[in-house]
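Trainee: So that we are looking at the same thing, I have put the structure below in structure tokens.
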Amino acid sequence: MTSLRRPTGGDIDRQTTLRFTFDGTEYAGHPGDTLASALLANGVKLVGRSFKYHRPRGVLTAGSEEPNALVELRLGSAREPNTRATVVELYDGLDARSQNRWPSLKYDALAINSLAAPMLVAGFYYKTFMWPAAFWERVYEPLIRRAAGMGRAATEPDPDSYEKVSAHCDVLIVGGGPAGLSAALAAARSGARVILADEGFRLGGQSVASSAALDNGSVSDWIARAEAELHALPNNRVLKRTTVFGVYDSATYGAVERVSDHLPTRMPGHPRQRLWRIVARQTVLASGATERPIAFGNNDLPGVMLASAVKTYVDRFAVQIGQQAVVFTNNSSAASTIAALHRGGVSIAAIVDARLQPDASITASAQAAGAPLLAGAEVIDAHGGYELRAITVRSREGRYQTMNIDCDLLAVSGGWNPNLQLTTHLGGRPIWNDTIAAFVPDKLPPGILVAGGAAGRYDLTDAVADGQRAGARSAELCGLTAALPIDIDSANNYAIEPLWRVTGGKGKAFVDFQNDVTAKDIEIANREGFSAVEHLKRYTTLGMATDQGKTSGVVGMGILAEHSGRTLAETGVTVMRPPYTPVAIGALAGHHRGPDFKPKRLPPSYAWASEQGAVFVETGLWMRPQYFPKPGDKDWLDAAVREVAGVRSAVGVCDVSTLGKIDIQGADAAKFLDGVYANTFSTLPIGRARYGIMLREDGFVLDDGTTARFGPHHFVMTTTTANAARVMMHLEYCHQWLWPQLDVRMVAVSDQWAQYAVAGPRSRELLERIADPGIDLSNAAFSYMSAAEISICSGLTARLFRLSFSGELAYEIAVPARYGDDLMRRLISAGATLGVMPYGSEALGIMRIEKGHAAGAELNGTTTASDLGLGALVSTKKDCIGRVLSGRPALVAPDRPVLVGIKPDDPSERLRGGAHMVRVGTAVTAANDEGYVTSTAYSPTLGHWIGLAFLKSGRDRHGEKVMAASPIHGESVTVEVVPPVFVDPQGARLRG
Amino acid sequence: MRIPCTYCGNRQLDEFTYFGDATVRRPDSEAADALPAFVSYVYDRTNPTGPHRELWYHGLGCRQWLVVTRDITTHEVLGAQPARDVASRSAVSAKPAEAPAS
């Protein structure tokens, strides 16, 4: 392979050679190269196939706006599609593959799409694939996806790690070109804390390795000095390879740093990418400008390149970019490309300037390069198969014959668009500036100043002066004193006459290279009525690719303006949204994936339960023991049945620490509880606990639990596990917003207490074995619903509650969480001779269904206290949250579905949660629906399945037979409606 | 978005929970028109533009309820006050926030 690398110059390290492969062929490059520059230096011009027509494509740009040179990097699970070769930093062993071609880049079978081109014009999806609708999923979509493809995403989990960090600064500088560096210096010199972020791996933007004059030297020297000074100043941070991709409310910025993407292998302990959330008091947007192409026939041939990219490949990467070049421009900026080509020894066959009167910088550079200047001329067609061979040039006013010029490089400049995307993320709209023929930022988001090319000031000295002003002003706005900016004479001599497209060419004239949208598509869309910019965008897909139309958007708007007879100011631009360039989802997720997606909360007996081989179940964030398997168990049900039997016949222990616990104190604590609970708590005696039900203001049940009174002004509330945080928020709301005059304070103590249910006929005996001498737990001394602080295990103060969820004689005992592990072990060893049985959430659930207690499935946000059979609890003697609206007619209607028990008519049949109930003999339809089943369980106590359900007028229908139908199981079971309490309805056991 | 918690200072949105309109106040439950007043209090909301007063809860911070003034159009946060202070002040003028009877 011939090397097109010039022997000297550029910002590359020729001492080191990096090996890489593209489509299986090995090439060599150097540190400092991008993949694109290394390919060009190896003479590789064909790098991809286009999206729709599969046309051969080459490198168009030298930056993150690249629409053509999209490649797949790395292999297997790390495979990454659609990476822009123009920003991929070369590393040793890099393996890249071209996309969207089969079987090979050169021989692409789907290039035949070009022949079907008439069918693929604007709106073709809408016009062609009309009917039948069922074909979309099975035929059209797979077909379109195969033919019109981007790269292939990896199908395996991402093996890389990502992290997220937050940073705060006085001044954030977006962009490390001359304007950004100058702004950073001005701000940092005044003592501001500065963060400068640049997407490239070298500071300097488009001026890297440029020999342009600045400050009595070259701009590259100036950049080196600026970087060195920034390093020396305190309190600032330079983030290279970091793209600020979005502006968010309250001066918050999102940025992604590519930490390891440029390394052959990941550094241990470092993420692949790091997501930054930067909060900045002030921001200077110095993101530069992007050159735009001109649409003419076959303007997508490899060898047609933006003029600024040509200059970059010559100056920065020292690539012998072509043998014979033509420059096609409508503005003055191409002068620097002409100079670079001349310096780089490329023969310039012609300079085609669309303007009748090219400006002085173009004429001077043409003269210096000894190149013929064709004024008032335009390129109408490019010619070649896989690469550019010649162009056709026409005089716009017929001054001379249309002619063909041989060339292998065409440098095109259609003018420049300020990179103002970040000024529009919060809804700002740019305005049209006729002088530079570009949209420029208008109203800026709070805290942002724009400098340099991003503000439409393209000249180098202007940009530096502008940056300095913006940096100093930002520091002042942060309350610092900045040195007065040095006055630099404006040298702005940028001159342009807009030219969006050249008509009359034979080939397709592309506007959006990535989505294959042509000038003709825009014409058609306008003709068919899609002349509003947002309509045009959606109809043609202009600017909807991953490049977000950085090179194509304004060109498309220009062509639309011409066809619709409007000015560009009237036409406007489409809205630009974050991210500025694509961001990997992995970076947004950071560490929050897989098992680390959310935190795990471990109950106090977790270690002990793990030793017992417990199977755990996630309950919210908690890991609760679900059951404790024993050898010989067929399944979980065997274990749960054994655990239920253990509780009902002897004694069981269950960790209920996950229940929410809130400590409430204050002179008005009782009054406060009367307000938040539907029932009354001010009458609760000290040393007693009471079941309470809490409503939402709309009258539905919010939560339930027991609250115990330990003193005149001291209560301890429990909530359900699921609603712990929500109830806390609700209580704070009631206190701070509704009743601020109440003297009450509360604190969540869920994590501070380990709490175990000790349940079963021998539970009192077990507790007596750990209680300190003199503690009387007899029924007379400590009856049902008692609560007290007692001393256990030789001096440890515990809270003991006589509560029963299982329906048995039962207690809950709470100790400070640090004693939780010890207490569980003590209960198990002390209860060994009593046959103590640890039980998990399955057994707990079975027993609560046997007792008809409502839980999450019943407290589902659509049920009232009355629905649950707890209507009598709602006090009418006092106000409480939800009291008024719980009396709404619809909530007290006699035919509301209310809680009932159900049992199968045939005891061998099982019941299904979620089944709906209809009258026997009626069809299973929504119209016949009379209610639904919320909880089901196999009751070991009764020897058959039981369930809880909400059935219309259910309390009047005990004894009736209804059908419980579960269409998704294909089952329909005849059940008998019964009271919801299946075991010990009189409650004799729990009071014993 | 960032919210200036009066206790913790300027903090990131993810520490807060949005609750709703701070311009509606809980009606008197003993009034003759309590039912329609509560229906309106719970369900009826206007759809304002521009600055609006709303309740936020600093759940991952100091657990303080705040009345935040925010421009609904721009998301600009114009200020925050402790809900407790706002409630205590306006309890005199507006319909009293009924405390539960003892």
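Please note that chains go A, B, ... in the order of the structure tokens, that every chain numbers its residues from 1, and that ligands are numbered from 1 in the order shown.
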Residues of chain A within 8 Å of chain B, counting only C-alpha atoms, what are they? List them as a PDB file with C-alpha atoms, in the first residue's frame.
Mentor:
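Generated output (part.pdb):
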```
ATOM      1  CA  TYR A 248     -30.434  21.425  31.266  1.00  0.00           C
ATOM      2  CA  ASP A 249     -32.383  23.597  33.681  1.00  0.00           C
ATOM      3  CA  SER A 250     -30.621  25.666  36.346  1.00  0.00           C
ATOM      4  CA  ALA A 251     -27.287  25.851  34.501  1.00  0.00           C
ATOM      5  CA  THR A 252     -26.697  22.117  34.578  1.00  0.00           C
ATOM      6  CA  LEU A 426     -33.834  25.074  26.478  1.00  0.00           C
ATOM      7  CA  LYS A 671     -54.083  15.010  67.996  1.00  0.00           C
ATOM      8  CA  PHE A 672     -51.839  14.628  64.981  1.00  0.00           C
ATOM      9  CA  ASP A 674     -56.269  11.549  64.964  1.00  0.00           C
ATOM     10  CA  GLY A 675     -55.819  13.714  61.870  1.00  0.00           C
ATOM     11  CA  SER A 682     -56.051  10.067  71.236  1.00  0.00           C
ATOM     12  CA  GLU A 697     -57.521  12.857  50.862  1.00  0.00           C
ATOM     13  CA  ASP A 698     -59.575  11.380  48.006  1.00  0.00           C
ATOM     14  CA  MET A 729     -43.667  11.912  53.300  1.00  0.00           C
ATOM     15  CA  GLU A 732     -44.428  15.422  57.027  1.00  0.00           C
ATOM     16  CA  TYR A 733     -46.830  16.967  54.543  1.00  0.00           C
ATOM     17  CA  GLN A 736     -45.633  21.039  57.815  1.00  0.00           C
ATOM     18  CA  TRP A 737     -48.262  22.144  55.323  1.00  0.00           C
ATOM     19  CA  LEU A 738     -51.685  21.363  56.793  1.00  0.00           C
ATOM     20  CA  TRP A 739     -51.216  21.654  60.550  1.00  0.00           C
ATOM     21  CA  PRO A 740     -48.013  23.598  61.223  1.00  0.00           C
ATOM     22  CA  GLN A 741     -49.372  24.752  64.564  1.00  0.00           C
ATOM     23  CA  LEU A 742     -49.293  21.247  66.032  1.00  0.00           C
ATOM     24  CA  LYS A 878     -63.468  13.957  64.199  1.00  0.00           C
ATOM     25  CA  ASP A 879     -61.937  15.221  60.986  1.00  0.00           C
ATOM     26  CA  CYS A 880     -59.208  13.218  59.330  1.00  0.00           C
ATOM     27  CA  VAL A 884     -65.073  14.007  53.633  1.00  0.00           C
ATOM     28  CA  LEU A 885     -64.389  12.411  50.266  1.00  0.00           C
ATOM     29  CA  ARG A 888     -68.874  10.478  48.236  1.00  0.00           C
TER      30      ARG A 888
END
```
Trainee: Skip region 801-815 of chain A itself and residues of its chain fewer than 6 positions away, then list as an MDAnalysis selection string all residues within 9 Å of it, counting only C-alpha atoms.
Mentor: chainID A and resid 647:648 651 656:657 688:689 706 708 752:764 767 782:789 823 844:851 853 983:984 987:992
Trainee: List every residue of region 13-84 of chain B that DSSP, applied to the backbone of this structure, assigns to alpha helix (DSSP H), and report them as number ranges by chain.
Mentor: B: 34-43, 83-84
Trainee: Provide the CA of Arg53 (chain B) to CA of Arg696 (chain A) distance in Å, to one decimal place.
Mentor: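 Those two atoms sit 22.3 Å apart.
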Trainee: Need the shell around Ala349 (chain A): protein/DNA/RNA residues with any atom at most 7 Å away, counting only C-alpha atoms. Skip same-chain ones fewer than 6 positions apart. Format as JSON, numbers by chain?
Mentor: {"A": [324, 325, 326, 371, 372]}
Trainee: For the residues selected in the previous step, produce a file with N, CA and C atoms as a short mmCIF file (atom, residue, chain, number, x, y, z; two decimals), in the first residue's frame.
Mentor:
```cif
data_model
loop_
_atom_site.label_atom_id
_atom_site.label_comp_id
_atom_site.auth_asym_id
_atom_site.auth_seq_id
_atom_site.Cartn_x
_atom_site.Cartn_y
_atom_site.Cartn_z
N GLN A 324 -4.51 16.05 -7.88
CA GLN A 324 -5.00 17.20 -8.63
C GLN A 324 -6.33 17.63 -8.01
N ALA A 325 -6.38 18.85 -7.49
CA ALA A 325 -7.55 19.28 -6.73
C ALA A 325 -8.30 20.39 -7.43
N VAL A 326 -9.60 20.46 -7.14
CA VAL A 326 -10.40 21.62 -7.51
C VAL A 326 -11.03 22.13 -6.21
N ALA A 371 -3.14 29.09 -9.36
CA ALA A 371 -4.26 28.27 -9.81
C ALA A 371 -5.25 29.12 -10.58
N PRO A 372 -5.82 28.59 -11.67
CA PRO A 372 -6.81 29.35 -12.42
C PRO A 372 -8.08 29.55 -11.58
#
```
Trainee: If we count only C-alpha atoms and set the cut-off at 7 Å, which residues sit around region 460-477 of chain A, ignoring sequence neighbours fewer than 2 positions away in its own chain? Please answer as a ChimeraX atom specification.
Mentor: /A:171,178-180,182-184,186-187,190,192,214,282,284,449,451-453,457-458,479-482,485,488,490-492
Trainee: Identify, on the basis of only C-alpha atoms, every residue whose closest approach to Gly176 (chain A) does not exceed 8 Å; exclude the query and any residue fewer than 5 positions from it along the same chain; express the result as a PDB file with N, CA and C atoms, in the first residue's frame.
Mentor:
```pdb
ATOM      1  N   LEU A 181      -9.987  28.633  24.585  1.00  0.00           N
ATOM      2  CA  LEU A 181      -8.761  28.753  25.376  1.00  0.00           C
ATOM      3  C   LEU A 181      -8.596  30.172  25.884  1.00  0.00           C
ATOM      4  N   LEU A 196     -12.766  23.397  31.376  1.00  0.00           N
ATOM      5  CA  LEU A 196     -12.778  23.509  29.924  1.00  0.00           C
ATOM      6  C   LEU A 196     -12.933  22.106  29.340  1.00  0.00           C
ATOM      7  N   ALA A 197     -13.944  21.928  28.516  1.00  0.00           N
ATOM      8  CA  ALA A 197     -14.182  20.616  27.911  1.00  0.00           C
ATOM      9  C   ALA A 197     -14.075  20.731  26.404  1.00  0.00           C
ATOM     10  N   ASP A 198     -13.357  19.789  25.822  1.00  0.00           N
ATOM     11  CA  ASP A 198     -13.242  19.774  24.362  1.00  0.00           C
ATOM     12  C   ASP A 198     -13.404  18.342  23.874  1.00  0.00           C
ATOM     13  N   LEU A 203      -6.099  20.038  22.131  1.00  0.00           N
ATOM     14  CA  LEU A 203      -6.742  21.349  22.207  1.00  0.00           C
ATOM     15  C   LEU A 203      -6.391  22.144  20.956  1.00  0.00           C
ATOM     16  N   GLY A 204      -7.273  23.058  20.607  1.00  0.00           N
ATOM     17  CA  GLY A 204      -6.997  23.934  19.457  1.00  0.00           C
ATOM     18  C   GLY A 204      -8.084  23.903  18.406  1.00  0.00           C
ATOM     19  N   GLY A 205      -8.999  22.977  18.515  1.00  0.00           N
ATOM     20  CA  GLY A 205     -10.091  22.909  17.550  1.00  0.00           C
ATOM     21  C   GLY A 205      -9.566  22.766  16.133  1.00  0.00           C
ATOM     22  N   ALA A 286     -17.969  28.075  23.226  1.00  0.00           N
ATOM     23  CA  ALA A 286     -16.966  28.367  22.199  1.00  0.00           C
ATOM     24  C   ALA A 286     -16.815  27.115  21.350  1.00  0.00           C
ATOM     25  N   SER A 287     -17.932  26.682  20.813  1.00  0.00           N
ATOM     26  CA  SER A 287     -17.963  25.389  20.131  1.00  0.00           C
ATOM     27  C   SER A 287     -17.643  25.487  18.649  1.00  0.00           C
TER      28      SER A 287
END
```
